$ cat my_file27.cif   # mmCIF, C-alpha atoms (C1' of nucleotides)
data_structure
#
loop_
_atom_site.label_atom_id
_atom_site.label_comp_id
_atom_site.auth_asym_id
_atom_site.auth_seq_id
_atom_site.Cartn_x
_atom_site.Cartn_y
_atom_site.Cartn_z
CA MET X 18 183.61 95.30 132.99
CA LEU X 19 185.39 95.07 129.63
CA ASP X 20 183.03 92.17 128.95
CA ALA X 21 180.07 94.49 129.38
CA ALA X 22 181.67 97.07 127.09
CA VAL X 23 182.39 94.49 124.39
CA ARG X 24 178.81 93.30 124.55
CA VAL X 25 177.31 96.76 124.26
CA PHE X 26 179.73 97.85 121.52
CA SER X 27 179.02 94.70 119.52
CA ARG X 28 175.25 95.02 119.82
CA ARG X 29 174.88 98.75 119.30
CA GLY X 30 178.02 99.84 117.48
CA PHE X 31 180.53 102.37 118.78
CA HIS X 32 178.47 105.52 118.33
CA ALA X 33 175.05 104.19 119.30
CA ALA X 34 176.52 102.59 122.43
CA ASN X 35 176.29 104.96 125.36
CA MET X 36 178.39 104.97 128.45
CA ASP X 37 175.38 104.84 130.75
CA GLU X 38 174.33 101.48 129.33
CA ILE X 39 177.85 100.07 129.66
CA ALA X 40 178.02 101.30 133.24
CA GLU X 41 174.63 99.81 134.08
CA LEU X 42 175.51 96.43 132.52
CA SER X 43 178.80 96.44 134.44
CA GLY X 44 176.89 96.99 137.66
CA VAL X 45 178.75 100.21 138.51
CA SER X 46 178.12 103.88 137.94
CA LYS X 47 179.40 105.87 134.99
CA PRO X 48 182.22 107.78 136.73
CA MET X 49 183.71 104.42 137.70
CA VAL X 50 183.96 103.41 134.06
CA TYR X 51 185.76 106.68 133.39
CA ALA X 52 188.03 106.16 136.39
CA TYR X 53 189.14 102.73 135.19
CA HIS X 54 189.26 103.15 131.41
CA GLY X 55 189.29 106.85 130.55
CA THR X 56 187.24 108.16 127.66
CA LYS X 57 184.89 106.20 125.45
CA GLU X 58 187.56 105.90 122.76
CA GLU X 59 190.09 104.59 125.24
CA LEU X 60 187.56 102.08 126.52
CA PHE X 61 186.85 100.89 123.00
CA LEU X 62 190.57 100.63 122.31
CA ALA X 63 191.00 98.55 125.46
CA CYS X 64 188.28 96.16 124.22
CA LEU X 65 189.93 96.04 120.82
CA ARG X 66 193.36 95.25 122.20
CA ARG X 67 192.11 92.52 124.50
CA GLU X 68 190.05 90.78 121.84
CA SER X 69 192.72 91.01 119.14
CA GLU X 70 195.37 89.69 121.49
CA ARG X 71 193.17 86.77 122.53
CA MET X 72 192.63 85.96 118.89
CA MET X 73 196.21 86.39 117.72
CA THR X 74 197.92 84.42 120.47
CA GLY X 75 195.51 81.54 119.87
CA ILE X 76 196.29 81.45 116.18
CA ILE X 77 200.04 81.87 116.57
CA ASP X 78 200.31 79.17 119.22
CA ALA X 79 198.25 76.79 117.10
CA ALA X 80 200.19 77.23 113.85
CA ASP X 81 203.50 75.87 115.13
CA GLY X 82 206.16 76.53 112.48
CA SER X 83 207.65 73.05 112.64
CA LEU X 84 204.50 71.37 111.35
CA PRO X 85 203.87 70.61 107.66
CA PRO X 86 202.27 73.53 105.76
CA ASP X 87 198.76 72.15 105.40
CA GLU X 88 198.66 71.13 109.04
CA GLN X 89 199.87 74.60 110.05
CA LEU X 90 197.21 76.25 107.97
CA TRP X 91 194.50 74.00 109.26
CA ARG X 92 195.41 74.50 112.92
CA GLY X 93 195.56 78.25 112.46
CA LEU X 94 192.15 78.27 110.84
CA ARG X 95 190.67 76.03 113.49
CA SER X 96 192.01 78.22 116.23
CA PHE X 97 190.59 81.28 114.50
CA PHE X 98 187.13 79.74 114.14
CA GLU X 99 187.25 78.54 117.73
CA PHE X 100 187.92 82.09 118.85
CA VAL X 101 184.98 83.36 116.83
CA GLY X 102 182.71 80.64 118.16
CA ALA X 103 183.70 81.34 121.74
CA HIS X 104 183.79 85.16 121.53
CA ARG X 105 181.11 86.20 119.10
CA ASP X 106 180.82 89.67 120.56
CA GLY X 107 184.57 90.17 120.42
CA TRP X 108 184.61 89.08 116.81
CA SER X 109 181.81 91.48 115.98
CA VAL X 110 183.68 94.38 117.56
CA LEU X 111 186.90 93.54 115.71
CA TYR X 112 185.36 92.81 112.35
CA ARG X 113 182.24 94.94 112.03
CA GLN X 114 182.83 97.94 114.26
CA ALA X 115 186.53 98.69 114.39
CA ARG X 116 187.16 98.30 110.68
CA SER X 117 184.87 101.15 109.73
CA LEU X 118 185.68 103.68 112.47
CA GLU X 119 188.37 106.14 111.57
CA PRO X 120 190.42 106.34 114.75
CA PHE X 121 190.67 102.53 114.91
CA ALA X 122 190.53 101.34 111.34
CA GLY X 123 194.24 101.93 110.82
CA GLU X 124 195.33 99.74 113.70
CA LEU X 125 193.10 96.87 112.59
CA ALA X 126 194.09 97.25 108.94
CA GLY X 127 197.74 97.02 109.94
CA MET X 128 197.12 93.86 111.92
CA ARG X 129 195.23 92.33 109.03
CA ARG X 130 198.03 93.20 106.60
CA ALA X 131 200.47 91.49 108.94
CA ILE X 132 198.37 88.32 108.96
CA VAL X 133 198.11 88.38 105.18
CA GLN X 134 201.87 88.74 104.87
CA VAL X 135 202.51 85.87 107.28
CA ILE X 136 200.18 83.61 105.32
CA ALA X 137 201.69 84.70 102.01
CA HIS X 138 205.14 83.89 103.37
CA ARG X 139 204.05 80.45 104.57
CA LEU X 140 202.52 79.73 101.18
CA ASP X 141 205.76 80.82 99.58
CA VAL X 142 207.80 78.49 101.77
CA ALA X 143 205.43 75.61 101.00
CA LEU X 144 205.59 76.25 97.26
CA GLN X 145 209.37 76.72 97.15
CA HIS X 146 209.70 73.46 99.05
CA GLU X 147 207.90 71.84 96.12
CA GLY X 148 210.27 73.59 93.74
CA ARG X 149 207.78 76.14 92.39
CA GLN X 150 208.30 79.87 92.12
CA VAL X 151 205.21 82.10 92.35
CA ARG X 152 205.05 85.87 91.89
CA ALA X 153 204.77 87.88 95.10
CA GLU X 154 201.54 89.56 94.00
CA ASP X 155 199.91 86.20 93.34
CA LEU X 156 200.91 85.02 96.78
CA THR X 157 199.43 88.17 98.30
CA SER X 158 196.17 87.76 96.47
CA MET X 159 195.93 84.13 97.51
CA ALA X 160 196.52 85.11 101.11
CA LEU X 161 193.97 87.93 100.84
CA SER X 162 191.42 85.51 99.43
CA LEU X 163 192.04 83.07 102.22
CA VAL X 164 191.68 85.72 104.90
CA GLY X 165 188.53 87.11 103.28
CA ALA X 166 186.99 83.66 102.98
CA SER X 167 187.82 83.01 106.63
CA GLU X 168 186.17 86.23 107.70
CA SER X 169 183.10 85.44 105.69
CA LEU X 170 182.74 81.97 107.18
CA ALA X 171 183.51 83.39 110.62
CA ASP X 172 180.61 85.77 110.28
CA TRP X 173 178.39 82.91 109.25
CA LEU X 174 179.62 80.85 112.18
CA ALA X 175 178.92 83.72 114.57
CA SER X 176 175.24 83.56 113.69
CA HIS X 177 175.02 79.74 113.81
CA PRO X 178 175.75 78.87 117.45
CA GLN X 179 175.15 75.14 117.08
CA GLU X 180 177.85 74.78 114.42
CA ASP X 181 181.24 73.24 115.24
CA PRO X 182 184.22 75.54 114.56
CA GLY X 183 186.43 72.62 113.54
CA ARG X 184 183.91 71.59 110.90
CA THR X 185 183.92 75.09 109.47
CA ALA X 186 187.72 75.07 109.35
CA THR X 187 187.70 71.74 107.52
CA ARG X 188 185.21 73.04 104.96
CA LEU X 189 187.42 76.01 104.22
CA MET X 190 190.49 73.82 103.87
CA ASN X 191 188.63 71.75 101.32
CA ALA X 192 187.59 74.80 99.37
CA VAL X 193 190.98 76.49 99.37
CA TRP X 194 193.86 74.14 99.95
CA LEU X 195 193.00 71.96 96.99
CA GLY X 196 192.98 75.02 94.74
CA ALA X 197 196.41 75.91 95.99
CA ALA X 198 197.56 72.37 95.34
CA ARG X 199 196.45 72.66 91.72
CA LEU X 200 198.32 75.91 91.28
CA LEU X 201 201.27 74.16 92.80
CA GLU X 202 201.13 71.64 89.99
CA GLY X 203 201.37 74.45 87.49
CA GLU X 204 197.76 74.44 86.40
CA THR X 205 196.14 77.84 85.86
CA TRP X 206 192.76 79.04 84.79
CA ARG X 207 192.57 81.58 81.96
CA PRO X 208 189.67 83.66 80.73
CA ALA X 209 188.38 82.58 77.32
CA SER X 210 187.41 86.10 76.28
CA MET Q 9 173.91 115.48 95.38
CA LEU Q 10 173.78 111.77 96.21
CA ASP Q 11 177.36 111.69 94.95
CA ALA Q 12 178.35 114.19 97.61
CA ALA Q 13 176.53 112.19 100.27
CA VAL Q 14 178.22 108.94 99.23
CA ARG Q 15 181.59 110.64 99.35
CA VAL Q 16 181.09 112.09 102.80
CA PHE Q 17 179.56 108.90 104.20
CA SER Q 18 182.41 106.82 102.81
CA ARG Q 19 185.11 109.11 104.18
CA ARG Q 20 183.65 109.89 107.59
CA GLY Q 21 181.22 107.06 108.31
CA PHE Q 22 177.51 107.46 108.95
CA HIS Q 23 177.66 109.02 112.40
CA ALA Q 24 180.70 111.24 111.96
CA ALA Q 25 179.30 112.58 108.68
CA ASN Q 26 177.29 115.71 109.28
CA MET Q 27 174.58 117.10 107.11
CA ASP Q 28 176.23 120.53 106.88
CA GLU Q 29 179.27 119.02 105.17
CA ILE Q 30 177.12 117.06 102.73
CA ALA Q 31 175.15 120.20 101.96
CA GLU Q 32 178.30 122.25 101.45
CA LEU Q 33 179.87 119.63 99.15
CA SER Q 34 176.63 119.47 97.17
CA GLY Q 35 176.78 123.23 96.72
CA VAL Q 36 173.38 123.80 98.35
CA SER Q 37 172.18 124.62 101.84
CA LYS Q 38 171.13 122.10 104.45
CA PRO Q 39 167.34 122.54 104.21
CA MET Q 40 167.58 121.66 100.52
CA VAL Q 41 169.12 118.30 101.38
CA TYR Q 42 166.25 117.70 103.77
CA ALA Q 43 163.72 118.82 101.16
CA TYR Q 44 165.02 116.35 98.57
CA HIS Q 45 165.98 113.34 100.68
CA GLY Q 46 164.31 113.60 104.07
CA THR Q 47 166.21 112.68 107.21
CA LYS Q 48 169.83 111.59 107.44
CA GLU Q 49 168.80 107.94 107.61
CA GLU Q 50 166.66 108.27 104.51
CA LEU Q 51 169.51 109.97 102.68
CA PHE Q 52 171.88 107.17 103.63
CA LEU Q 53 169.33 104.61 102.52
CA ALA Q 54 169.00 106.39 99.19
CA CYS Q 55 172.78 106.16 98.72
CA LEU Q 56 172.70 102.52 99.70
CA ARG Q 57 169.94 101.65 97.28
CA ARG Q 58 171.56 103.43 94.37
CA GLU Q 59 174.98 101.88 94.90
CA SER Q 60 173.68 98.38 95.49
CA GLU Q 61 171.48 98.53 92.42
CA ARG Q 62 174.38 99.74 90.27
CA MET Q 63 176.44 96.86 91.53
CA MET Q 64 173.80 94.16 91.24
CA THR Q 65 172.56 94.99 87.78
CA GLY Q 66 176.14 94.98 86.53
CA ILE Q 67 176.82 91.55 87.96
CA ILE Q 68 173.52 90.02 86.87
CA ASP Q 69 173.83 91.33 83.32
CA ALA Q 70 177.38 90.03 83.08
CA ALA Q 71 176.71 86.52 84.35
CA ASP Q 72 174.39 85.44 81.55
CA GLY Q 73 172.85 82.10 82.48
CA SER Q 74 173.43 80.51 79.09
CA LEU Q 75 177.22 80.64 79.38
CA PRO Q 76 179.32 77.77 80.74
CA PRO Q 77 179.71 77.83 84.55
CA ASP Q 78 183.31 79.01 84.75
CA GLU Q 79 182.70 81.75 82.22
CA GLN Q 80 179.61 82.87 84.15
CA LEU Q 81 181.54 83.00 87.37
CA TRP Q 82 184.41 84.87 85.82
CA ARG Q 83 182.23 87.50 84.18
CA GLY Q 84 180.29 88.04 87.39
CA LEU Q 85 183.52 88.50 89.30
CA ARG Q 86 184.97 90.83 86.69
CA SER Q 87 181.84 92.96 86.73
CA PHE Q 88 181.96 93.10 90.51
CA PHE Q 89 185.59 94.20 90.58
CA GLU Q 90 184.92 96.73 87.85
CA PHE Q 91 182.18 98.24 89.97
CA VAL Q 92 184.50 98.48 92.95
CA GLY Q 93 187.25 100.01 90.83
CA ALA Q 94 184.91 102.60 89.38
CA HIS Q 95 182.94 103.39 92.54
CA ARG Q 96 185.31 103.10 95.45
CA ASP Q 97 183.25 105.36 97.66
CA GLY Q 98 180.08 103.43 96.90
CA TRP Q 99 181.84 100.18 97.73
CA SER Q 100 183.08 101.63 100.99
CA VAL Q 101 179.57 102.69 101.96
CA LEU Q 102 178.11 99.29 101.12
CA TYR Q 103 180.82 97.18 102.65
CA ARG Q 104 182.29 99.12 105.56
CA GLN Q 105 179.52 101.41 106.73
CA ALA Q 106 176.17 99.78 106.05
CA ARG Q 107 177.12 96.34 107.31
CA SER Q 108 177.78 97.49 110.84
CA LEU Q 109 174.91 99.99 111.33
CA GLU Q 110 171.82 98.51 112.88
CA PRO Q 111 169.05 100.09 110.82
CA PHE Q 112 170.76 99.10 107.55
CA ALA Q 113 172.67 95.92 108.33
CA GLY Q 114 169.61 93.74 107.87
CA GLU Q 115 168.92 94.92 104.34
CA LEU Q 116 172.53 94.40 103.27
CA ALA Q 117 172.77 91.03 105.00
CA GLY Q 118 169.68 89.90 103.12
CA MET Q 119 171.15 90.98 99.81
CA ARG Q 120 174.38 89.19 100.57
CA ARG Q 121 172.55 86.00 101.52
CA ALA Q 122 170.72 86.19 98.20
CA ILE Q 123 174.03 86.43 96.31
CA VAL Q 124 175.45 83.51 98.27
CA GLN Q 125 172.41 81.40 97.45
CA VAL Q 126 172.59 82.25 93.76
CA ILE Q 127 176.26 81.27 93.64
CA ALA Q 128 175.60 78.09 95.62
CA HIS Q 129 172.88 77.18 93.17
CA ARG Q 130 175.10 77.82 90.16
CA LEU Q 131 177.82 75.66 91.70
CA ASP Q 132 175.23 72.96 92.30
CA VAL Q 133 174.13 73.04 88.66
CA ALA Q 134 177.72 72.89 87.49
CA LEU Q 135 178.53 69.94 89.75
CA GLN Q 136 175.35 68.00 88.92
CA HIS Q 137 176.16 68.48 85.27
CA GLU Q 138 179.37 66.59 85.95
CA GLY Q 139 177.39 63.92 87.76
CA ARG Q 140 178.47 64.83 91.29
CA GLN Q 141 176.19 65.34 94.27
CA VAL Q 142 177.39 67.75 96.99
CA ARG Q 143 175.71 68.47 100.33
CA ALA Q 144 173.82 71.76 100.50
CA GLU Q 145 175.87 72.98 103.46
CA ASP Q 146 179.11 72.39 101.59
CA LEU Q 147 177.78 74.36 98.64
CA THR Q 148 176.80 77.19 100.96
CA SER Q 149 180.21 77.29 102.61
CA MET Q 150 181.94 77.29 99.22
CA ALA Q 151 179.76 80.18 98.09
CA LEU Q 152 180.39 82.03 101.36
CA SER Q 153 184.12 81.56 100.92
CA LEU Q 154 183.98 82.85 97.39
CA VAL Q 155 181.99 85.93 98.39
CA GLY Q 156 184.29 86.62 101.33
CA ALA Q 157 187.38 86.25 99.18
CA SER Q 158 185.86 88.62 96.63
CA GLU Q 159 185.12 91.21 99.27
CA SER Q 160 188.62 90.95 100.62
CA LEU Q 161 190.21 91.43 97.20
CA ALA Q 162 187.73 94.21 96.44
CA ASP Q 163 188.88 96.06 99.51
CA TRP Q 164 192.47 95.64 98.43
CA LEU Q 165 191.58 96.82 94.93
CA ALA Q 166 189.83 99.89 96.35
CA SER Q 167 193.12 101.04 97.85
CA HIS Q 168 195.24 100.22 94.77
CA PRO Q 169 193.90 102.58 92.09
CA GLN Q 170 196.41 101.58 89.44
CA GLU Q 171 195.37 97.94 89.53
CA ASP Q 172 193.26 96.42 86.75
CA PRO Q 173 189.93 94.94 87.97
CA GLY Q 174 190.06 92.18 85.34
CA ARG Q 175 193.43 91.07 86.62
CA THR Q 176 192.09 90.83 90.14
CA ALA Q 177 189.16 88.77 88.92
CA THR Q 178 191.51 86.39 87.09
CA ARG Q 179 193.64 85.94 90.19
CA LEU Q 180 190.61 85.00 92.23
CA MET Q 181 189.46 82.53 89.59
CA ASN Q 182 192.85 80.86 89.77
CA ALA Q 183 192.73 80.62 93.53
CA VAL Q 184 189.16 79.34 93.77
CA TRP Q 185 187.97 77.64 90.62
CA LEU Q 186 190.74 75.12 90.59
CA GLY Q 187 189.91 74.14 94.15
CA ALA Q 188 186.32 73.58 93.12
CA ALA Q 189 187.52 71.50 90.19
CA ARG Q 190 189.41 69.24 92.56
CA LEU Q 191 186.39 68.79 94.78
CA LEU Q 192 184.50 67.99 91.64
CA GLU Q 193 186.86 65.10 91.03
CA GLY Q 194 186.01 63.72 94.44
CA GLU Q 195 189.21 64.71 96.17
CA THR Q 196 188.90 66.02 99.71
CA TRP Q 197 191.28 67.27 102.33
CA ARG Q 198 191.03 65.75 105.81
CA PRO Q 199 192.67 66.81 109.03
CA ALA Q 200 195.39 64.45 110.21
CA SER Q 201 194.64 65.04 113.90
"C1'" DG F 28 184.93 108.46 169.01
"C1'" DC F 29 187.13 111.25 165.14
"C1'" DG F 30 189.79 112.81 161.17
"C1'" DT F 31 190.73 111.11 156.74
"C1'" DA F 32 191.18 108.81 152.60
"C1'" DA F 33 189.56 105.25 149.38
"C1'" DG F 34 185.85 104.03 146.68
"C1'" DG F 35 181.82 105.00 145.35
"C1'" DT F 36 177.15 107.90 143.54
"C1'" DT F 37 174.00 111.57 142.00
"C1'" DA F 38 173.18 115.35 139.29
"C1'" DC F 39 174.76 118.56 136.25
"C1'" DG F 40 177.49 121.58 132.27
"C1'" DC F 41 178.14 121.90 127.82
"C1'" DG F 42 179.31 120.99 122.91
"C1'" DT F 43 177.57 119.02 118.94
"C1'" DG F 44 174.65 118.30 115.19
"C1'" DA F 45 169.84 116.85 113.44
"C1'" DG F 46 165.98 119.02 112.00
"C1'" DT F 47 163.03 123.56 111.24
"C1'" DA F 48 160.85 128.29 111.36
"C1'" DA F 49 161.07 132.44 109.42
"C1'" DG F 50 162.92 135.37 106.11
"C1'" DT F 51 164.84 136.34 101.31
"C1'" DT F 52 165.59 136.07 96.43
"C1'" DT F 53 164.24 134.69 91.78
"C1'" DC F 54 161.20 134.56 88.10
"C1'" DG F 55 157.12 133.88 85.39
"C1'" DA F 56 152.39 135.22 84.61
"C1'" DA F 57 148.72 138.79 84.48
"C1'" DT N 6 154.77 146.92 87.28
"C1'" DT N 7 152.97 144.07 90.58
"C1'" DC N 8 151.58 139.80 92.59
"C1'" DG N 9 152.67 135.34 94.14
"C1'" DA N 10 154.65 131.12 94.38
"C1'" DA N 11 158.74 128.35 93.97
"C1'" DA N 12 163.42 127.82 95.30
"C1'" DC N 13 166.64 128.64 98.53
"C1'" DT N 14 169.23 130.57 102.90
"C1'" DT N 15 170.17 132.17 107.44
"C1'" DA N 16 169.71 131.52 112.04
"C1'" DC N 17 167.69 129.17 115.37
"C1'" DT N 18 165.70 125.16 118.81
"C1'" DC N 19 166.28 121.25 121.15
"C1'" DA N 20 167.61 116.53 122.48
"C1'" DC N 21 171.24 113.63 123.37
"C1'" DG N 22 175.15 111.87 125.61
"C1'" DC N 23 180.11 112.57 126.98
"C1'" DG N 24 182.66 113.90 130.67
"C1'" DT N 25 182.87 115.93 135.53
"C1'" DA N 26 182.06 118.57 139.91
"C1'" DA N 27 180.27 117.97 144.06
"C1'" DC N 28 178.53 115.10 147.28
"C1'" DC N 29 178.09 110.63 150.14
"C1'" DT N 30 179.72 106.38 152.87
"C1'" DT N 31 182.36 102.92 154.51
"C1'" DA N 32 186.57 101.46 156.93
"C1'" DC N 33 190.75 102.08 159.24
"C1'" DG N 34 194.50 104.24 161.97
"C1'" DC N 35 195.12 106.98 166.10
#

$ encode --input "my_file27.cif" --output "structure tokens"
Amino acid sequence: MLDAAVRVFSRRGFHAANMDEIAELSGVSKPMVYAYHGTKEELFLACLRRESERMMTGIIDAADGSLPPDEQLWRGLRSFFEFVGAHRDGWSVLYRQARSLEPFAGELAGMRRAIVQVIAHRLDVALQHEGRQVRAEDLTSMALSLVGASESLADWLASHPQEDPGRTATRLMNAVWLGAARLLEGETWRPAS
Amino acid sequence: MLDAAVRVFSRRGFHAANMDEIAELSGVSKPMVYAYHGTKEELFLACLRRESERMMTGIIDAADGSLPPDEQLWRGLRSFFEFVGAHRDGWSVLYRQARSLEPFAGELAGMRRAIVQVIAHRLDVALQHEGRQVRAEDLTSMALSLVGASESLADWLASHPQEDPGRTATRLMNAVWLGAARLLEGETWRPAS
DNA sequence: GCGTAAGGTTACGCGTGAGTAAGTTTCGAA
DNA sequence: TTCGAAACTTACTCACGCGTAACCTTACGC
């Protein structure tokens, strides 16, 4: 029943989705949907919570803290892309719908900030381990870039069903990790003008 | 009048925005809005077109093709972040609202694909100039990552008014360009497992 | 067999907001 | 001074879709 809701919300968007369609796709009548999940907002929130928990637990379990930093990062990314590949509709609800709808945007934004902070912290640990100190704001912007790049590739992956999530994760590692490694060596790029 | 519409759309979202509020903020009555811009969808589209054109012309003008690749990239990025800094509401409409609304998503997605292809092509030129051949799909994923990272930082910038757009652009260059440089030297990251 | 409660459905009330018809003011030309 | 059209407003219609009241039906204890 939540599956039906997630599908309709992802295809139509929160507002354009109507409860009758969700009910029909669930194979029950509308008052049943209300009986089980309350109002439309509550139903949407239930979808949101389920999908975000599925995603987060996968990532957290994958990125075991005892592994080396690059391995941690890679496993986290792979888990993320696997979630997107397996739950395209869920991803669409989390990323496209919830982020722009006022009652829900805050919750999602908070979750995203938490992820960014976790990644920034891991980067910090990795860099300190190599004896380098990096400003907090630079760490944050690196983490933000990484998350944004992941989201972008995730969206691409969601519309390319034949693609392998692991391959996508590897591509991103290549594009990002090596840049981080350079920074780690003290190299920086500066504008000429 | 479009300014008022952009503001309301960005704050409330397309559906929650109502024409009465837009009319009131414009300082005219509702039928006037309809007289000048047709239906709500047409009004939104007008906002979309204006904001996207502002953004695109800025970026295209900045990234003059005769400059060296890194300088081109940096100027394009700086122009993009300057747009976001100066037109937060416009950015919000383009990025948060339009992408998730069915009648408009296609147009925006097409524009974004075009940007990704342009960047991928520029990267290709830069790499070939250094004598390296890279698979088309790798170029695309690098460009997608770059665009996603830019969007992510743009969103962060939009909620940090005191921040300097140029600084944000420089940070992104540091995080991304150096990674590309490594790839350029033939180095790649591979999963251990 | 018969009351009753759990688990449904059908059919409606009602607010909201897009879009408009009809009326009003402003202002320039004759 | 009057006519008329352009520019604008007030006050409405009407569809849509959330949420619910009222009505069925199946199954189980007594």

$ resolve_selection --input "my_file27.cif" --expression "the PyMOL selection byres ((chain Q and resi 14-17) around 7)" --output "PyMOL selection string"
chain Q and resi 10-13+18-22+25+30+55+97-98+101

$ interface_residues --input "my_file27.cif" --of "chain X" --to "chain F" --cutoff "10 Å" --atoms "all atoms listed in the file" --output "PyMOL selection string"
chain X and resi 45-49

$ resolve_selection --input "my_file27.cif" --expression "the PyMOL selection byres ((chain X and resi 99-105) around 12)" --output "MDAnalysis selection string"
chainID X and resid 20 23:24 26:28 67:76 79 92:98 106:113 167:186

$ closest_residue --input "my_file27.cif" --among "N:DC23, N:DA16, N:DA11, N:DA32" --to "chain X" --atoms "all atoms listed in the file"
N:DC23

$ interface_residues --input "my_file27.cif" --of "chain X" --to "chain N" --cutoff "12 Å" --atoms "all atoms listed in the file" --output "PyMOL selection string"
chain X and resi 32-38+47-52+55-58

$ atom_distance --input "my_file27.cif" --atom1 "atom CA of Q:Trp82" --atom2 "atom CA of Q:Val133"
15.9 Å

$ atom_distance --input "my_file27.cif" --atom1 "atom CA of Q:Pro77" --atom2 "atom CA of X:Ser162"
20.4 Å

$ closest_residue --input "my_file27.cif" --among "Q:Arg107, Q:Arg140, Q:His45, Q:Arg120" --to "chain X" --atoms "all atoms listed in the file"
Q:Arg107

$ closest_residue --input "my_file27.cif" --among "Q:Ala54, Q:Ile68, Q:Leu135, Q:Ala106" --to "chain X" --atoms "all atoms listed in the file"
Q:Ala106

$ decode --input "my_file27.cif" --residues "stretch 54-68 of chain X" --atoms "N, CA and C atoms" --output "compact mmCIF listing (two decimals), in the first residue's frame"
# COMPACT_ATOMS: atom_id res chain seq x y z
N HIS X 54 -3.45 5.30 7.19
CA HIS X 54 -2.35 6.27 7.16
C HIS X 54 -2.74 7.72 7.36
N GLY X 55 -3.97 7.97 7.79
CA GLY X 55 -4.36 9.35 8.07
C GLY X 55 -4.43 10.20 6.82
N THR X 56 -4.13 11.47 6.97
CA THR X 56 -4.27 12.42 5.87
C THR X 56 -3.22 12.19 4.78
N LYS X 57 -3.38 12.93 3.70
CA LYS X 57 -2.44 12.83 2.59
C LYS X 57 -1.02 13.19 3.04
N GLU X 58 -0.90 14.23 3.85
CA GLU X 58 0.43 14.61 4.35
C GLU X 58 1.05 13.50 5.18
N GLU X 59 0.25 12.92 6.04
CA GLU X 59 0.77 11.84 6.88
C GLU X 59 1.20 10.65 6.05
N LEU X 60 0.42 10.37 5.01
CA LEU X 60 0.77 9.27 4.11
C LEU X 60 2.10 9.55 3.42
N PHE X 61 2.24 10.76 2.93
CA PHE X 61 3.49 11.14 2.27
C PHE X 61 4.67 11.02 3.23
N LEU X 62 4.45 11.50 4.45
CA LEU X 62 5.49 11.43 5.47
C LEU X 62 5.88 9.98 5.75
N ALA X 63 4.88 9.11 5.78
CA ALA X 63 5.16 7.69 6.01
C ALA X 63 6.04 7.14 4.88
N CYS X 64 5.72 7.50 3.64
CA CYS X 64 6.55 7.09 2.50
C CYS X 64 7.98 7.59 2.69
N LEU X 65 8.07 8.87 2.99
CA LEU X 65 9.35 9.54 3.18
C LEU X 65 10.20 8.82 4.22
N ARG X 66 9.61 8.55 5.36
CA ARG X 66 10.34 7.92 6.46
C ARG X 66 10.82 6.54 6.06
N ARG X 67 9.94 5.76 5.41
CA ARG X 67 10.35 4.42 5.04
C ARG X 67 11.51 4.45 4.06
N GLU X 68 11.37 5.26 3.02
CA GLU X 68 12.41 5.31 1.99
C GLU X 68 13.73 5.83 2.55
